[in-house]
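One file, coords-v1.cif, carrying mmCIF, C-alpha atoms:
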```cif
data_protein
loop_
_atom_site.label_atom_id
_atom_site.label_comp_id
_atom_site.auth_asym_id
_atom_site.auth_seq_id
_atom_site.Cartn_x
_atom_site.Cartn_y
_atom_site.Cartn_z
CA MET B 1 -4.98 17.89 10.26
CA SER B 2 -8.15 18.87 8.47
CA GLY B 3 -11.34 16.82 8.56
CA TRP B 4 -11.16 15.49 5.00
CA MET B 5 -7.70 14.01 5.65
CA ASP B 6 -9.01 12.10 8.65
CA ILE B 7 -11.72 10.57 6.45
CA ALA B 8 -9.26 9.91 3.61
CA ARG B 9 -6.95 8.00 5.96
CA SER B 10 -9.57 5.25 6.20
CA VAL B 11 -9.00 4.35 2.53
CA PRO B 12 -6.45 1.49 2.25
CA LEU B 13 -3.24 2.08 0.32
CA GLU B 14 -4.07 -0.74 -2.12
CA ASP B 15 -7.37 0.94 -3.07
CA VAL B 16 -5.66 4.30 -3.60
CA ALA B 17 -3.04 2.66 -5.84
CA ARG B 18 -5.71 0.78 -7.82
CA GLU B 19 -7.63 4.03 -8.43
CA LEU B 20 -4.41 5.69 -9.59
CA GLY B 21 -4.15 2.94 -12.22
CA LEU B 22 -1.09 1.31 -10.64
CA GLU B 23 -0.58 -2.39 -10.97
CA LEU B 24 0.46 -4.19 -7.82
CA ASN B 25 3.65 -6.12 -8.55
CA SER B 26 3.96 -9.16 -6.34
CA HIS B 27 7.31 -10.82 -5.98
CA GLY B 28 7.37 -13.17 -3.06
CA ARG B 29 6.37 -11.49 0.16
CA SER B 30 7.14 -7.98 -1.11
CA PRO B 31 4.24 -6.59 -3.13
CA GLY B 32 4.60 -2.99 -4.21
CA TRP B 33 4.58 -0.42 -6.99
CA ARG B 34 6.89 1.48 -9.35
CA CYS B 35 8.15 4.81 -7.98
CA PRO B 36 7.29 7.97 -9.95
CA THR B 37 10.04 9.99 -8.26
CA CYS B 38 13.14 7.88 -8.88
CA ASN B 39 11.45 6.12 -11.85
CA LYS B 40 12.75 2.72 -10.82
CA SER B 41 10.85 -0.48 -11.36
CA LYS B 42 12.89 -2.61 -8.92
CA ARG B 43 14.81 -2.06 -5.69
CA SER B 44 18.35 -2.78 -6.79
CA ARG B 45 20.51 -3.45 -9.81
CA LYS B 46 20.86 -7.11 -8.91
CA SER B 47 19.30 -9.13 -11.70
CA ASN B 48 17.72 -11.59 -9.28
CA ASP B 49 16.05 -8.88 -7.14
CA LYS B 50 12.78 -8.12 -8.88
CA ARG B 51 11.00 -6.57 -5.89
CA PRO B 52 9.33 -3.23 -6.70
CA PRO B 53 10.81 -0.16 -5.00
CA ILE B 54 7.66 1.09 -3.25
CA ALA B 55 6.72 -1.26 -0.47
CA ARG B 56 3.92 -1.18 2.04
CA VAL B 57 4.98 -0.40 5.61
CA GLY B 58 2.69 -1.02 8.55
CA LYS B 59 -1.06 -0.70 8.22
CA ASN B 60 -1.33 2.06 5.61
CA GLY B 61 2.17 3.44 5.09
CA TRP B 62 4.75 3.02 2.31
CA THR B 63 8.37 3.77 1.55
CA CYS B 64 10.54 3.74 -1.57
CA HIS B 65 13.59 1.48 -1.40
CA GLY B 66 14.70 2.47 -4.89
CA GLY B 67 16.87 5.40 -3.94
CA CYS B 68 14.69 8.46 -3.44
CA GLU B 69 13.64 7.44 0.11
CA GLN B 70 10.16 8.99 -0.25
CA LYS B 71 7.65 7.73 2.33
CA GLY B 72 4.28 8.48 3.85
CA ASP B 73 0.71 7.31 4.23
CA ALA B 74 -1.97 6.68 1.59
CA ILE B 75 -2.72 10.41 1.23
CA ALA B 76 0.96 11.20 0.63
CA PHE B 77 1.03 8.32 -1.89
CA ALA B 78 -1.84 9.89 -3.85
CA ALA B 79 -0.20 13.33 -3.58
CA LEU B 80 3.08 11.98 -4.96
CA PHE B 81 1.38 10.51 -8.01
CA LEU B 82 -0.98 13.44 -8.59
CA THR B 83 1.34 16.39 -7.87
CA GLY B 84 4.86 14.95 -7.81
CA ASN B 85 5.34 15.79 -4.14
CA VAL B 86 4.35 13.99 -0.93
CA LYS B 87 3.72 17.40 0.69
CA PRO B 88 2.28 19.62 -2.05
CA ALA B 89 1.92 23.38 -1.57
CA SER B 90 -1.82 22.98 -2.15
CA TRP B 91 -3.78 19.86 -1.21
CA ALA B 92 -6.75 20.91 -3.41
CA VAL B 93 -5.88 18.45 -6.21
CA VAL B 94 -5.59 15.54 -3.78
CA ARG B 95 -8.79 16.48 -1.94
CA SER B 96 -10.66 16.76 -5.24
CA TRP B 97 -9.33 13.37 -6.38
CA TYR B 98 -10.59 11.71 -3.16
CA SER B 99 -13.92 13.56 -3.46
CA ASP B 100 -14.41 12.50 -7.11
CA ARG B 101 -14.34 8.88 -5.94
CA GLY B 102 -16.96 9.51 -3.27
CA TRP B 103 -14.50 8.55 -0.54
CA LEU B 104 -14.97 11.75 1.47
CA GLU B 105 -18.69 11.07 1.87
CA GLY B 106 -17.83 7.81 3.57
CA TYR B 107 -15.53 5.06 2.40
CA THR B 108 -16.93 1.58 1.88
CA PRO B 109 -14.35 -1.04 0.93
CA ALA B 110 -14.89 -3.10 -2.19
CA ALA B 111 -16.40 -6.51 -1.53
CA ARG B 112 -13.62 -9.01 -1.19
CA THR B 113 -14.08 -12.71 -0.93
CA VAL B 114 -11.97 -14.33 1.72
CA PRO B 115 -11.50 -18.06 1.27
CA ALA B 116 -12.70 -20.13 4.17
CA SER B 117 -9.79 -21.67 5.97
CA ALA B 118 -9.74 -25.35 6.72
CA PRO B 119 -9.95 -26.24 10.39
CA THR B 120 -6.60 -27.00 11.92
CA PRO B 121 -6.24 -30.64 12.91
CA LYS B 122 -5.75 -31.37 16.58
CA ARG B 123 -2.31 -32.62 17.47
CA LYS B 124 -1.96 -35.84 19.34
CA LYS B 125 -0.22 -35.55 22.65
CA ARG B 126 2.96 -37.53 22.98
CA ARG B 127 3.35 -39.83 25.88
CA ARG B 128 6.51 -39.36 27.83
CA PHE B 129 7.94 -42.31 29.70
#
```

Here is the file; what I need is its structure written in the form of structure tokens.
Amino acid sequence: MSGWMDIARSVPLEDVARELGLELNSHGRSPGWRCPTCNKSKRSRKSNDKRPPIARVGKNGWTCHGGCEQKGDAIAFAALFLTGNVKPASWAVVRSWYSDRGWLEGYTPAARTVPASAPTPKRKKRRRF
């Protein structure tokens, strides 16, 4: 792959989605987004299943469980929303979009505050007789 794609891969999927103006829908342990291809807002027709169709897979990948079965990495995610295709004929629009955000000059993640975790209490050993 070309050099700009290697740099663009360092940008997390959540940051790409936020810059695209997509709201992260969290339902339980399945946060995700609405799919522009199949235009579904949830995975199935079941009324109690409110999970969004596009779900994060692995470190920086995603897949649509809504029916269109589109999948890819963060760059393909941006391409899908910007061009309508995960593998566009020309990547110029996607490259320009990444460049306009200054991400190709070097990505620095937004400052995020991580709550300090409480120390785990030591467990008492049980005596066995």

Distance of atom CA of B:Arg18 from atom CA of B:Lys50, expressed in Å to one decimal place
20.5 Å

Atom CA of B:Asp6 to atom CA of B:Leu104: how many Å, to one decimal?
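Calculated distance between atom CA of B:Asp6 and atom CA of B:Leu104 is 9.3 Å.
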
Using only C-alpha atoms, which of the listed residues (B:Gly3, B:Pro52, B:Arg127, B:Ala8) sits closest to B:Ile75?
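For B:Ile75, the nearest of the candidates is B:Ala8.
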
For the structure provided, state which residues fall under the PyMOL selection byres ((chain B and resi 95) around 12), and present them as a ChimeraX atom specification.
/B:2-9,75-76,78-79,82-83,88,90-94,96-105

Running the PyMOL selection byres ((chain B and resi 29-40) around 6) on this model by hand, what would come out? Give it as an MDAnalysis selection string.
chainID B and resid 24:28 41:42 52 54:55 68
